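*Asks:* For reference, the file start_3.cif (mmCIF, C-alpha atoms) is included below:
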data_start
#
loop_
_atom_site.group_PDB
_atom_site.id
_atom_site.type_symbol
_atom_site.label_atom_id
_atom_site.label_comp_id
_atom_site.auth_asym_id
_atom_site.auth_seq_id
_atom_site.Cartn_x
_atom_site.Cartn_y
_atom_site.Cartn_z
ATOM 1 C CA MET A 1 114.751 -34.377 43.722
ATOM 2 C CA ASP A 2 118.120 -36.113 44.181
ATOM 3 C CA LYS A 3 121.016 -35.215 41.890
ATOM 4 C CA TYR A 4 120.745 -36.439 38.279
ATOM 5 C CA VAL A 5 122.318 -35.831 34.886
ATOM 6 C CA ILE A 6 120.904 -35.637 31.362
ATOM 7 C CA THR A 7 123.175 -36.031 28.361
ATOM 8 C CA ILE A 8 122.185 -34.739 24.956
ATOM 9 C CA SER A 9 123.799 -36.035 21.778
ATOM 10 C CA ARG A 10 122.533 -34.660 18.515
ATOM 11 C CA GLN A 11 122.691 -34.430 14.765
ATOM 12 C CA PHE A 12 123.980 -31.122 13.469
ATOM 13 C CA GLY A 13 121.098 -28.709 12.912
ATOM 14 C CA ALA A 14 118.593 -30.707 15.009
ATOM 15 C CA LEU A 15 118.721 -27.929 17.667
ATOM 16 C CA GLY A 16 120.090 -30.107 20.473
ATOM 17 C CA ARG A 17 121.874 -27.192 22.172
ATOM 18 C CA THR A 18 118.742 -25.023 22.019
ATOM 19 C CA ILE A 19 116.709 -27.867 23.501
ATOM 20 C CA ALA A 20 119.288 -28.243 26.292
ATOM 21 C CA GLN A 21 119.024 -24.513 27.042
ATOM 22 C CA HIS A 22 115.204 -24.716 27.295
ATOM 23 C CA MET A 23 115.428 -27.805 29.492
ATOM 24 C CA ALA A 24 117.986 -26.207 31.802
ATOM 25 C CA MET A 25 115.715 -23.188 32.307
ATOM 26 C CA GLU A 26 112.612 -25.294 32.922
ATOM 27 C CA LEU A 27 114.341 -27.723 35.295
ATOM 28 C CA GLY A 28 116.342 -24.998 37.047
ATOM 29 C CA ILE A 29 119.686 -26.702 36.436
ATOM 30 C CA ASP A 30 122.858 -25.826 34.526
ATOM 31 C CA TYR A 31 123.764 -27.112 31.108
ATOM 32 C CA PHE A 32 127.373 -27.550 30.084
ATOM 33 C CA ASP A 33 128.616 -27.269 26.540
ATOM 34 C CA ARG A 34 131.267 -24.627 25.861
ATOM 35 C CA ASP A 35 132.055 -24.689 29.616
ATOM 36 C CA ILE A 36 133.681 -28.087 29.057
ATOM 37 C CA VAL A 37 136.102 -26.526 26.563
ATOM 38 C CA GLU A 38 136.875 -23.667 28.962
ATOM 39 C CA GLU A 39 137.515 -26.074 31.837
ATOM 40 C CA THR A 40 139.736 -28.174 29.559
ATOM 41 C CA ALA A 41 141.851 -25.095 28.809
ATOM 42 C CA LEU A 42 142.108 -24.416 32.548
ATOM 43 C CA ARG A 43 143.214 -27.951 33.387
ATOM 44 C CA MET A 44 145.738 -27.986 30.572
ATOM 45 C CA GLY A 45 147.112 -24.626 31.654
ATOM 46 C CA LEU A 46 146.200 -22.967 28.369
ATOM 47 C CA PRO A 47 144.328 -19.677 28.090
ATOM 48 C CA VAL A 48 140.955 -19.903 26.356
ATOM 49 C CA SER A 49 142.131 -17.100 24.051
ATOM 50 C CA GLU A 50 144.939 -19.357 22.810
ATOM 51 C CA ILE A 51 142.481 -22.133 22.074
ATOM 52 C CA SER A 52 140.213 -19.617 20.325
ATOM 53 C CA LYS A 53 143.134 -18.467 18.158
ATOM 54 C CA GLU A 54 143.817 -22.073 17.186
ATOM 55 C CA GLU A 55 140.140 -22.517 16.287
ATOM 56 C CA GLU A 56 140.252 -19.357 14.170
ATOM 57 C CA ARG A 57 143.338 -20.608 12.334
ATOM 58 C CA ALA A 58 141.512 -23.879 11.671
ATOM 59 C CA GLY A 59 138.568 -21.982 10.170
ATOM 60 C CA GLY A 60 136.643 -20.290 12.966
ATOM 61 C CA PHE A 61 133.314 -21.239 14.517
ATOM 62 C CA PHE A 62 132.297 -23.757 11.878
ATOM 63 C CA ALA A 63 135.684 -25.480 11.882
ATOM 64 C CA GLU A 64 135.250 -25.934 15.639
ATOM 65 C CA LYS A 65 132.005 -27.766 14.890
ATOM 66 C CA ARG A 66 133.707 -29.962 12.277
ATOM 67 C CA TYR A 67 136.687 -30.767 14.481
ATOM 68 C CA PRO A 68 135.489 -30.469 18.088
ATOM 69 C CA LEU A 69 138.895 -31.462 19.477
ATOM 70 C CA GLY A 70 140.974 -29.610 16.912
ATOM 71 C CA MET A 71 143.199 -31.084 14.265
ATOM 72 C CA GLY A 72 146.291 -31.688 16.377
ATOM 73 C CA PRO A 73 148.261 -34.902 16.806
ATOM 74 C CA VAL A 74 146.434 -38.061 17.853
ATOM 75 C CA SER A 75 148.079 -38.055 21.291
ATOM 76 C CA MET A 76 146.787 -34.502 21.885
ATOM 77 C CA GLN A 77 143.284 -35.533 20.817
ATOM 78 C CA GLU A 78 143.372 -38.523 23.154
ATOM 79 C CA GLU A 79 144.591 -36.338 26.012
ATOM 80 C CA LEU A 80 141.777 -33.886 25.335
ATOM 81 C CA PHE A 81 139.200 -36.703 25.289
ATOM 82 C CA LEU A 82 140.484 -38.027 28.616
ATOM 83 C CA ILE A 83 140.476 -34.571 30.215
ATOM 84 C CA GLN A 84 137.007 -33.778 28.880
ATOM 85 C CA SER A 85 135.695 -37.151 30.097
ATOM 86 C CA ASN A 86 136.951 -36.338 33.588
ATOM 87 C CA ILE A 87 135.407 -32.864 33.435
ATOM 88 C CA ILE A 88 132.045 -34.335 32.417
ATOM 89 C CA LYS A 89 132.209 -36.776 35.347
ATOM 90 C CA ASP A 90 133.189 -33.963 37.722
ATOM 91 C CA PHE A 91 130.307 -31.713 36.596
ATOM 92 C CA ALA A 92 127.839 -34.595 36.937
ATOM 93 C CA ALA A 93 129.155 -35.437 40.422
ATOM 94 C CA MET A 94 128.748 -31.853 41.665
ATOM 95 C CA GLN A 95 125.152 -31.087 40.716
ATOM 96 C CA SER A 96 122.159 -31.952 38.593
ATOM 97 C CA CYS A 97 122.985 -30.823 35.082
ATOM 98 C CA ILE A 98 122.690 -31.326 31.349
ATOM 99 C CA ILE A 99 125.791 -32.271 29.354
ATOM 100 C CA VAL A 100 125.720 -31.441 25.640
ATOM 101 C CA GLY A 101 127.802 -33.552 23.263
ATOM 102 C CA ARG A 102 131.367 -34.777 23.746
ATOM 103 C CA CYS A 103 130.197 -38.391 24.182
ATOM 104 C CA GLY A 104 128.658 -37.502 27.536
ATOM 105 C CA ASP A 105 126.424 -40.563 27.351
ATOM 106 C CA TYR A 106 129.503 -42.755 27.045
ATOM 107 C CA CYS A 107 131.480 -40.931 29.747
ATOM 108 C CA LEU A 108 128.531 -41.322 32.144
ATOM 109 C CA ARG A 109 127.479 -44.801 31.033
ATOM 110 C CA ASN A 110 127.850 -46.125 34.594
ATOM 111 C CA ALA A 111 126.055 -43.229 36.304
ATOM 112 C CA ASP A 112 123.042 -44.341 38.348
ATOM 113 C CA ARG A 113 120.795 -41.354 37.800
ATOM 114 C CA ALA A 114 121.364 -40.486 34.161
ATOM 115 C CA LEU A 115 119.096 -40.048 31.172
ATOM 116 C CA HIS A 116 120.784 -40.226 27.771
ATOM 117 C CA VAL A 117 118.984 -38.439 24.926
ATOM 118 C CA TYR A 118 119.688 -38.366 21.199
ATOM 119 C CA VAL A 119 118.096 -35.530 19.193
ATOM 120 C CA TYR A 120 117.709 -36.015 15.461
ATOM 121 C CA SER A 121 115.692 -34.514 12.634
ATOM 122 C CA PRO A 122 115.164 -35.112 8.899
ATOM 123 C CA TYR A 123 117.831 -33.629 6.639
ATOM 124 C CA GLU A 124 115.596 -30.975 5.050
ATOM 125 C CA LYS A 125 114.470 -29.687 8.447
ATOM 126 C CA ARG A 126 118.071 -29.498 9.665
ATOM 127 C CA LEU A 127 118.991 -27.609 6.503
ATOM 128 C CA GLU A 128 116.145 -25.175 7.183
ATOM 129 C CA ASN A 129 117.294 -24.733 10.811
ATOM 130 C CA CYS A 130 120.843 -24.023 9.651
ATOM 131 C CA THR A 131 119.788 -21.348 7.171
ATOM 132 C CA SER A 132 116.948 -19.696 9.104
ATOM 133 C CA ILE A 133 118.137 -20.028 12.731
ATOM 134 C CA LEU A 134 121.928 -20.331 12.462
ATOM 135 C CA GLY A 135 122.146 -17.874 9.553
ATOM 136 C CA MET A 136 124.200 -20.020 7.173
ATOM 137 C CA ASP A 137 123.984 -19.863 3.421
ATOM 138 C CA GLU A 138 122.648 -23.061 1.879
ATOM 139 C CA LYS A 139 125.981 -24.394 0.581
ATOM 140 C CA THR A 140 127.692 -23.892 3.958
ATOM 141 C CA ALA A 141 124.725 -25.532 5.690
ATOM 142 C CA ARG A 142 124.832 -28.580 3.419
ATOM 143 C CA ASP A 143 128.594 -28.914 3.898
ATOM 144 C CA MET A 144 128.302 -28.518 7.670
ATOM 145 C CA ILE A 145 125.549 -31.101 8.032
ATOM 146 C CA LYS A 146 127.588 -33.622 6.060
ATOM 147 C CA ASP A 147 130.938 -32.852 7.700
ATOM 148 C CA VAL A 148 129.774 -32.465 11.302
ATOM 149 C CA ASP A 149 127.604 -35.584 11.245
ATOM 150 C CA LYS A 150 130.517 -37.558 9.802
ATOM 151 C CA ALA A 151 132.986 -36.105 12.337
ATOM 152 C CA ARG A 152 130.653 -36.866 15.271
ATOM 153 C CA ASP A 153 130.057 -40.384 13.997
ATOM 154 C CA ASN A 154 133.795 -41.019 13.577
ATOM 155 C CA TYR A 155 134.526 -39.492 16.976
ATOM 156 C CA ARG A 156 131.979 -41.782 18.646
ATOM 157 C CA LYS A 157 133.349 -44.824 16.828
ATOM 158 C CA LYS A 158 136.890 -43.944 17.868
ATOM 159 C CA TYR A 159 136.300 -43.247 21.561
ATOM 160 C CA CYS A 160 133.180 -45.299 22.326
ATOM 161 C CA LYS A 161 134.189 -48.546 20.663
ATOM 162 C CA ASP A 162 131.642 -50.707 22.499
ATOM 163 C CA MET A 163 128.839 -48.140 21.966
ATOM 164 C CA ALA A 164 129.428 -46.791 18.466
ATOM 165 C CA GLY A 165 125.880 -47.315 17.161
ATOM 166 C CA VAL A 166 123.372 -44.473 17.165
ATOM 167 C CA PHE A 167 121.069 -46.263 19.650
ATOM 168 C CA ASP A 168 123.759 -47.673 21.964
ATOM 169 C CA ASN A 169 123.425 -46.354 25.534
ATOM 170 C CA ARG A 170 120.747 -43.857 24.559
ATOM 171 C CA ASP A 171 117.498 -44.013 26.492
ATOM 172 C CA ILE A 172 115.469 -41.692 24.287
ATOM 173 C CA CYS A 173 115.770 -40.785 20.615
ATOM 174 C CA ILE A 174 113.512 -37.886 19.628
ATOM 175 C CA ASP A 175 112.783 -36.130 16.335
ATOM 176 C CA SER A 176 112.876 -32.422 17.209
ATOM 177 C CA SER A 177 111.145 -31.497 13.933
ATOM 178 C CA LYS A 178 107.905 -33.126 15.119
ATOM 179 C CA PHE A 179 107.520 -30.769 18.091
ATOM 180 C CA GLY A 180 109.952 -27.858 17.715
ATOM 181 C CA ALA A 181 112.744 -27.050 20.164
ATOM 182 C CA GLU A 182 110.592 -25.692 22.994
ATOM 183 C CA ALA A 183 108.002 -28.496 22.979
ATOM 184 C CA THR A 184 110.736 -31.149 22.613
ATOM 185 C CA ALA A 185 112.384 -29.669 25.714
ATOM 186 C CA LYS A 186 109.074 -29.798 27.609
ATOM 187 C CA ILE A 187 108.521 -33.447 26.634
ATOM 188 C CA LEU A 188 112.035 -34.363 27.780
ATOM 189 C CA CYS A 189 111.606 -32.410 31.034
ATOM 190 C CA GLY A 190 108.402 -34.332 31.718
ATOM 191 C CA ILE A 191 110.230 -37.619 31.178
ATOM 192 C CA ALA A 192 113.117 -36.479 33.392
ATOM 193 C CA ARG A 193 110.717 -35.531 36.192
ATOM 194 C CA SER A 194 108.986 -38.897 36.043
ATOM 195 C CA VAL A 195 112.289 -40.820 35.956
ATOM 196 C CA PHE A 196 114.088 -38.832 38.647
ATOM 197 C CA LYS A 197 111.111 -38.105 40.993
#
Output the file's structure in the form of structure tokens.
*Replies:*
Amino acid sequence: MDKYVITISRQFGALGRTIAQHMAMELGIDYFDRDIVEETALRMGLPVSEISKEEERAGGFFAEKRYPLGMGPVSMQEELFLIQSNIIKDFAAMQSCIIVGRCGDYCLRNADRALHVYVYSPYEKRLENCTSILGMDEKTARDMIKDVDKARDNYRKKYCKDMAGVFDNRDICIDSSKFGAEATAKILCGIARSVFK
């Protein structure tokens, strides 16, 4: 199969990252998520530990989810978006892969062999995933769902002005609660194989 890329955008708690991991294993390709942050640190000449310290000061793991590019000045956020966009394009140019989040569908909107997926799930199921799988207490889970969804929506509106809607430039929208993470991954792998023969 020739080189291809799959992007996965997702609602918080819909298990998009888990689905990407299952897909990567089944398809025998890499998935990139945190690697994009690490490569950004490298290109900016900053140690990952320094970025981690900044994330901790902003509130740790969950703050990173709320503010994926930090809470720095606008110019810094725009620089980070530009660098991450270039990293996403570079990863996609090197090999078949799955890109999780960071407006990958927008960054690769002109890619020939790309499949753009949006993973969603009903609120109550996402809440259940957050408490049972991610180990959050219910109040934290409710706050995270609200805050992360809002932050992702605002981020998309800011940087993907011509594709800010939930369906814009997304080939497949799938409710992960209907099938579970593993079966959703299998369905998406089947689609990928038929599209990218």
*Asks:* How many Å lie between CA of Glu128 (chain A) and CA of Asp168 (chain A), rounded to one decimal?
*Replies:*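 Atom-to-atom, CA of Glu128 (chain A) to CA of Asp168 (chain A), that is 28.0 Å.
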*Asks:* Suppose a student applies the PyMOL selection byres ((chain A and resi 87-104) around 8) to this structure; what residues should they get, written as a ChimeraX atom specification?
*Replies:* /A:3-10,16-17,20,24,29-33,36,39-40,83-86,105-108,156,160
*Asks:* I need the output of the PyMOL selection byres ((chain A and resi 186) around 12) for this file as a PDB file with C-alpha atoms, in the frame of the given file; which residues are they?
*Replies:*
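After the write, selection-v4.pdb holds the following:
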ATOM      1  CA  ILE A  19     116.709 -27.867  23.501  1.00  0.00           C
ATOM      2  CA  ALA A  20     119.288 -28.243  26.292  1.00  0.00           C
ATOM      3  CA  GLN A  21     119.024 -24.513  27.042  1.00  0.00           C
ATOM      4  CA  HIS A  22     115.204 -24.716  27.295  1.00  0.00           C
ATOM      5  CA  MET A  23     115.428 -27.805  29.492  1.00  0.00           C
ATOM      6  CA  ALA A  24     117.986 -26.207  31.802  1.00  0.00           C
ATOM      7  CA  MET A  25     115.715 -23.188  32.307  1.00  0.00           C
ATOM      8  CA  GLU A  26     112.612 -25.294  32.922  1.00  0.00           C
ATOM      9  CA  LEU A  27     114.341 -27.723  35.295  1.00  0.00           C
ATOM     10  CA  SER A 176     112.876 -32.422  17.209  1.00  0.00           C
ATOM     11  CA  PHE A 179     107.520 -30.769  18.091  1.00  0.00           C
ATOM     12  CA  GLY A 180     109.952 -27.858  17.715  1.00  0.00           C
ATOM     13  CA  ALA A 181     112.744 -27.050  20.164  1.00  0.00           C
ATOM     14  CA  GLU A 182     110.592 -25.692  22.994  1.00  0.00           C
ATOM     15  CA  ALA A 183     108.002 -28.496  22.979  1.00  0.00           C
ATOM     16  CA  THR A 184     110.736 -31.149  22.613  1.00  0.00           C
ATOM     17  CA  ALA A 185     112.384 -29.669  25.714  1.00  0.00           C
ATOM     18  CA  ILE A 187     108.521 -33.447  26.634  1.00  0.00           C
ATOM     19  CA  LEU A 188     112.035 -34.363  27.780  1.00  0.00           C
ATOM     20  CA  CYS A 189     111.606 -32.410  31.034  1.00  0.00           C
ATOM     21  CA  GLY A 190     108.402 -34.332  31.718  1.00  0.00           C
ATOM     22  CA  ILE A 191     110.230 -37.619  31.178  1.00  0.00           C
ATOM     23  CA  ALA A 192     113.117 -36.479  33.392  1.00  0.00           C
ATOM     24  CA  ARG A 193     110.717 -35.531  36.192  1.00  0.00           C
TER      25      ARG A 193
END
*Asks:* Determine the nearest neighbour of Phe167 (chain A) from the options A:Leu46, A:Val119, A:Ala41, A:Ala114, counting all atoms listed in the file.
*Replies:*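 Residue with the minimum atom-to-atom distance to Phe167 (chain A): A:Val119.
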*Asks:* Which residues are close to Asp137 (chain A), i.e. within 10 Å by all atoms listed in the file, leaving aside same-chain residues fewer than 6 positions away? Reply as a list in words.
*Replies:*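 The residues satisfying every condition are Leu127, Cys130 and Thr131 of chain A.
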*Asks:* Might I get the box with edges along x, y and z of the file that holds all atoms of region 134-150 of chain A listed there, padded by 5 Å on every side, given as centre and edge lengths in Å to one decimal, as AutoDock Vina command-line options?
*Replies:*
--center_x 126.4 --center_y -27.7 --center_z 6.5 --size_x 19.0 --size_y 29.7 --size_z 21.9
*Asks:* One decimal, in Å: what's the spacing between CA of Asp171 (chain A) and CA of Arg113 (chain A)?
*Replies:*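 CA of Arg113 (chain A) lies 12.1 Å from CA of Asp171 (chain A).
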*Asks:* Considering only C-alpha atoms, state which residue in the set A:Glu124, A:Asp35, A:Leu115, A:Phe81 is at the smallest distance from Ser177 (chain A).
*Replies:*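 Comparing A:Glu124, A:Asp35, A:Leu115, A:Phe81 against Ser177 (chain A), the winner is A:Glu124.
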*Asks:* How many Å separate CA of Leu15 (chain A) from CA of Asp147 (chain A)?
*Replies:*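 For CA of Leu15 (chain A) relative to CA of Asp147 (chain A), the distance reads 16.5 Å.
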*Asks:* Counting only C-alpha atoms, which residue out of A:Val195, A:Lys161, A:Ala151, A:Leu42 sits closest to His116 (chain A)?
*Replies:*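 Closest candidate: A:Val195.
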*Asks:* Find the spatial neighbours of Ile145 (chain A), counting all atoms listed in the file, within a cut-off of 9 Å - ignore same-chain residues fewer than 3 positions away - and output them as a ChimeraX atom specification.
*Replies:* /A:11-13,123,126-127,130,140-142,148-150
